[in-house]
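J.: Input structure: upload_24.cif, which contains mmCIF, C-alpha atoms.
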```
data_my_file
#
loop_
_atom_site.group_PDB
_atom_site.id
_atom_site.type_symbol
_atom_site.label_atom_id
_atom_site.label_comp_id
_atom_site.auth_asym_id
_atom_site.auth_seq_id
_atom_site.Cartn_x
_atom_site.Cartn_y
_atom_site.Cartn_z
ATOM 1 C CA MET A 1 -15.639 1.620 0.391
ATOM 2 C CA ASP A 2 -16.798 -0.142 3.563
ATOM 3 C CA HIS A 3 -20.567 -0.755 3.558
ATOM 4 C CA ARG A 4 -20.733 -2.721 6.799
ATOM 5 C CA ARG A 5 -23.157 -1.750 9.503
ATOM 6 C CA LYS A 6 -22.831 -2.477 13.197
ATOM 7 C CA GLY A 7 -23.357 -6.184 13.775
ATOM 8 C CA GLU A 8 -22.737 -7.142 10.153
ATOM 9 C CA PRO A 9 -20.371 -10.086 9.679
ATOM 10 C CA GLU A 10 -16.742 -9.129 9.076
ATOM 11 C CA GLN A 11 -16.177 -11.828 6.487
ATOM 12 C CA PRO A 12 -18.010 -11.996 3.170
ATOM 13 C CA ASN A 13 -20.140 -15.061 2.598
ATOM 14 C CA HIS A 14 -22.473 -16.568 -0.017
ATOM 15 C CA VAL A 15 -25.597 -14.939 1.427
ATOM 16 C CA ILE A 16 -26.447 -11.254 1.211
ATOM 17 C CA LEU A 17 -29.315 -9.402 2.839
ATOM 18 C CA MET A 18 -31.005 -6.783 0.677
ATOM 19 C CA THR A 19 -33.310 -4.200 2.256
ATOM 20 C CA ILE A 20 -35.281 -1.557 0.386
ATOM 21 C CA ILE A 21 -35.209 1.654 2.393
ATOM 22 C CA ASN A 22 -38.440 3.715 2.614
ATOM 23 C CA PRO A 23 -40.730 1.651 0.371
ATOM 24 C CA ALA A 24 -44.509 1.705 0.772
ATOM 25 C CA TYR A 25 -44.121 -1.458 2.893
ATOM 26 C CA PRO A 26 -40.962 -3.061 4.361
ATOM 27 C CA ILE A 27 -39.096 -5.403 2.034
ATOM 28 C CA THR A 28 -36.139 -7.535 3.054
ATOM 29 C CA VAL A 29 -34.751 -10.330 0.882
ATOM 30 C CA LEU A 30 -31.999 -12.903 1.316
ATOM 31 C CA PHE A 31 -30.039 -14.086 -1.709
ATOM 32 C CA ARG A 32 -27.578 -16.966 -1.844
ATOM 33 C CA PHE A 33 -24.913 -16.814 -4.513
ATOM 34 C CA GLU A 34 -22.854 -19.613 -5.962
ATOM 35 C CA ASN A 35 -19.667 -18.181 -4.485
ATOM 36 C CA VAL A 36 -18.423 -15.352 -2.269
ATOM 37 C CA GLU A 37 -16.975 -13.457 -5.235
ATOM 38 C CA SER A 38 -20.409 -13.241 -6.925
ATOM 39 C CA ALA A 39 -22.029 -12.098 -3.671
ATOM 40 C CA THR A 40 -19.337 -9.447 -3.236
ATOM 41 C CA ARG A 41 -19.781 -8.147 -6.800
ATOM 42 C CA ALA A 42 -23.552 -7.941 -6.332
ATOM 43 C CA ARG A 43 -23.140 -6.121 -3.022
ATOM 44 C CA GLU A 44 -20.663 -3.632 -4.447
ATOM 45 C CA ALA A 45 -22.815 -2.954 -7.526
ATOM 46 C CA LEU A 46 -26.173 -2.626 -5.751
ATOM 47 C CA HIS A 47 -25.524 -1.073 -2.334
ATOM 48 C CA GLY A 48 -26.880 2.472 -2.284
ATOM 49 C CA ALA A 49 -28.595 2.192 -5.676
ATOM 50 C CA ASP A 50 -32.148 3.533 -6.062
ATOM 51 C CA ILE A 51 -34.879 1.408 -7.617
ATOM 52 C CA TYR A 52 -36.611 4.660 -8.615
ATOM 53 C CA ALA A 53 -34.809 8.000 -8.887
ATOM 54 C CA GLY A 54 -34.322 9.304 -5.365
ATOM 55 C CA CYS A 55 -36.309 6.609 -3.553
ATOM 56 C CA CYS A 56 -36.441 2.953 -2.615
ATOM 57 C CA THR A 57 -32.711 2.836 -1.977
ATOM 58 C CA LEU A 58 -31.085 -0.589 -1.633
ATOM 59 C CA ARG A 59 -29.062 -1.459 1.443
ATOM 60 C CA VAL A 60 -27.048 -4.583 0.636
ATOM 61 C CA GLU A 61 -24.989 -6.282 3.318
ATOM 62 C CA TYR A 62 -23.613 -9.709 4.084
ATOM 63 C CA ALA A 63 -26.179 -11.735 5.998
ATOM 64 C CA LYS A 64 -25.307 -13.233 9.357
ATOM 65 C CA PRO A 65 -26.139 -16.784 8.233
ATOM 66 C CA ALA A 66 -23.626 -18.105 5.718
ATOM 67 C CA LYS A 67 -26.106 -20.717 4.505
ATOM 68 C CA LEU A 68 -29.629 -20.326 3.150
ATOM 69 C CA ASN A 69 -32.132 -23.196 3.084
ATOM 70 C CA VAL A 70 -35.347 -22.953 1.090
ATOM 71 C CA TYR A 71 -37.879 -25.535 2.201
ATOM 72 C CA ARG A 72 -40.714 -24.700 -0.192
ATOM 73 C CA ASN A 73 -41.397 -22.784 -3.374
ATOM 74 C CA ASP A 74 -44.271 -20.378 -2.854
ATOM 75 C CA SER A 75 -45.035 -16.657 -2.838
ATOM 76 C CA GLU A 76 -42.599 -16.074 0.049
ATOM 77 C CA SER A 77 -39.623 -18.241 -0.874
ATOM 78 C CA TRP A 78 -38.193 -19.830 -3.988
ATOM 79 C CA ASP A 79 -35.213 -22.013 -4.756
ATOM 80 C CA TYR A 80 -34.075 -21.086 -8.260
ATOM 81 C CA THR A 81 -31.294 -23.670 -8.111
ATOM 82 C CA ASN A 82 -33.734 -26.581 -7.846
ATOM 83 C CA SER A 83 -33.466 -28.375 -11.169
ATOM 84 C CA GLY A 84 -36.757 -30.149 -10.458
ATOM 85 C CA VAL A 85 -38.651 -26.868 -10.846
ATOM 86 C CA SER A 86 -39.654 -26.374 -14.443
ATOM 87 C CA LYS A 87 -39.645 -22.998 -16.194
ATOM 88 C CA LEU A 88 -43.384 -23.440 -16.729
ATOM 89 C CA MET A 89 -43.909 -23.739 -12.967
ATOM 90 C CA VAL A 90 -41.868 -20.581 -12.364
ATOM 91 C CA HIS A 91 -43.837 -18.752 -15.064
ATOM 92 C CA ARG A 92 -47.172 -19.825 -13.521
ATOM 93 C CA TRP A 93 -46.003 -18.800 -10.039
ATOM 94 C CA VAL A 94 -44.893 -15.342 -11.232
ATOM 95 C CA LYS A 95 -48.230 -14.820 -12.980
ATOM 96 C CA HIS A 96 -50.071 -15.955 -9.853
ATOM 97 C CA ILE A 97 -48.308 -13.572 -7.452
ATOM 98 C CA HIS A 98 -48.872 -10.666 -9.844
ATOM 99 C CA GLY A 99 -52.541 -11.504 -10.355
ATOM 100 C CA ILE A 100 -52.152 -12.225 -14.066
ATOM 101 C CA LYS A 101 -54.483 -14.817 -15.571
#
```
Go through the file and emit its structure as structure tokens.
T.:
Amino acid sequence: MDHRRKGEPEQPNHVILMTIINPAYPITVLFRFENVESATRAREALHGADIYAGCCTLRVEYAKPAKLNVYRNDSESWDYTNSGVSKLMVHRWVKHIHGIK
């Protein structure tokens, strides 16, 4: 099944763009995978899936950039591959963005 949209790159790459269709507010996320095969499996498994039954459908496509650089870890971006980031820091950040004390 071909999931490409107009303007989407022809060749798979490490980075996929995930958009949630019709949420309460627009959500678009970029993910970088270790290899193209992992990105392709994620795209094939998630494209068209609903987060909730009948709504918040995922549109998953290959991103135009084949490389993703994360310059800071904060509420808008996070590099999960950075070995210098401790699990405790990730836990604190997740609690912070969800308003948990």
J.: Which residues, written as a VMD selection string, have at least one atom at most 9 Å from Cys56 in chain A, with all atoms listed in the file counted and residues fewer than 5 positions away on the same chain left out?
T.: chain A and resid 20 to 24 49 to 51
J.: Write the selection just made, keeping C-alpha atoms, as an mmCIF file, in the frame of the given file?
T.:
```cif
data_model
loop_
_atom_site.group_PDB
_atom_site.id
_atom_site.type_symbol
_atom_site.label_atom_id
_atom_site.label_comp_id
_atom_site.auth_asym_id
_atom_site.auth_seq_id
_atom_site.Cartn_x
_atom_site.Cartn_y
_atom_site.Cartn_z
ATOM 1 C CA ILE A 20 -35.281 -1.557 0.386
ATOM 2 C CA ILE A 21 -35.209 1.654 2.393
ATOM 3 C CA ASN A 22 -38.440 3.715 2.614
ATOM 4 C CA PRO A 23 -40.730 1.651 0.371
ATOM 5 C CA ALA A 24 -44.509 1.705 0.772
ATOM 6 C CA ALA A 49 -28.595 2.192 -5.676
ATOM 7 C CA ASP A 50 -32.148 3.533 -6.062
ATOM 8 C CA ILE A 51 -34.879 1.408 -7.617
#
```
J.: Going by the chain IDs and residue numbers used in this file, which residues fall under the PyMOL selection byres ((chain A and resi 43) around 9)? Write them as a ChimeraX atom specification.
T.: /A:3,16,18,38-42,44-47,59-62
J.: If we count only C-alpha atoms and set the cut-off at 6 Å, which residues sit around Thr19 in chain A, ignoring sequence neighbours fewer than 6 positions away in its own chain? Please answer as a PyMOL selection string.
T.: chain A and resi 27-28+58-59
J.: Report the distance between CA of Leu30 in chain A and CA of Leu17 in chain A in Å, rounded to one decimal place.
T.: 4.7 Å
J.: Taking into account only C-alpha atoms, which residue in the set A:Ile100, A:Tyr52, A:Pro65, A:Pro26 is nearest to Gln11 in chain A?
T.: A:Pro65
J.: Just the number, please: distance in Å from CA of Ser77 in chain A to CA of Gly54 in chain A, one decimal.
T.: 28.4 Å
J.: Rounded to one decimal place, report the CA of Ala63 in chain A-CA of Phe31 in chain A distance in Å.
T.: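 Separation between CA of Ala63 in chain A and CA of Phe31 in chain A: 8.9 Å.
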J.: Choose the residue, out of A:Trp78, A:Val70, A:Phe33, A:Gly48, that has the smallest atom-to-atom separation from Val15 in chain A; count all atoms listed in the file.
T.: A:Phe33
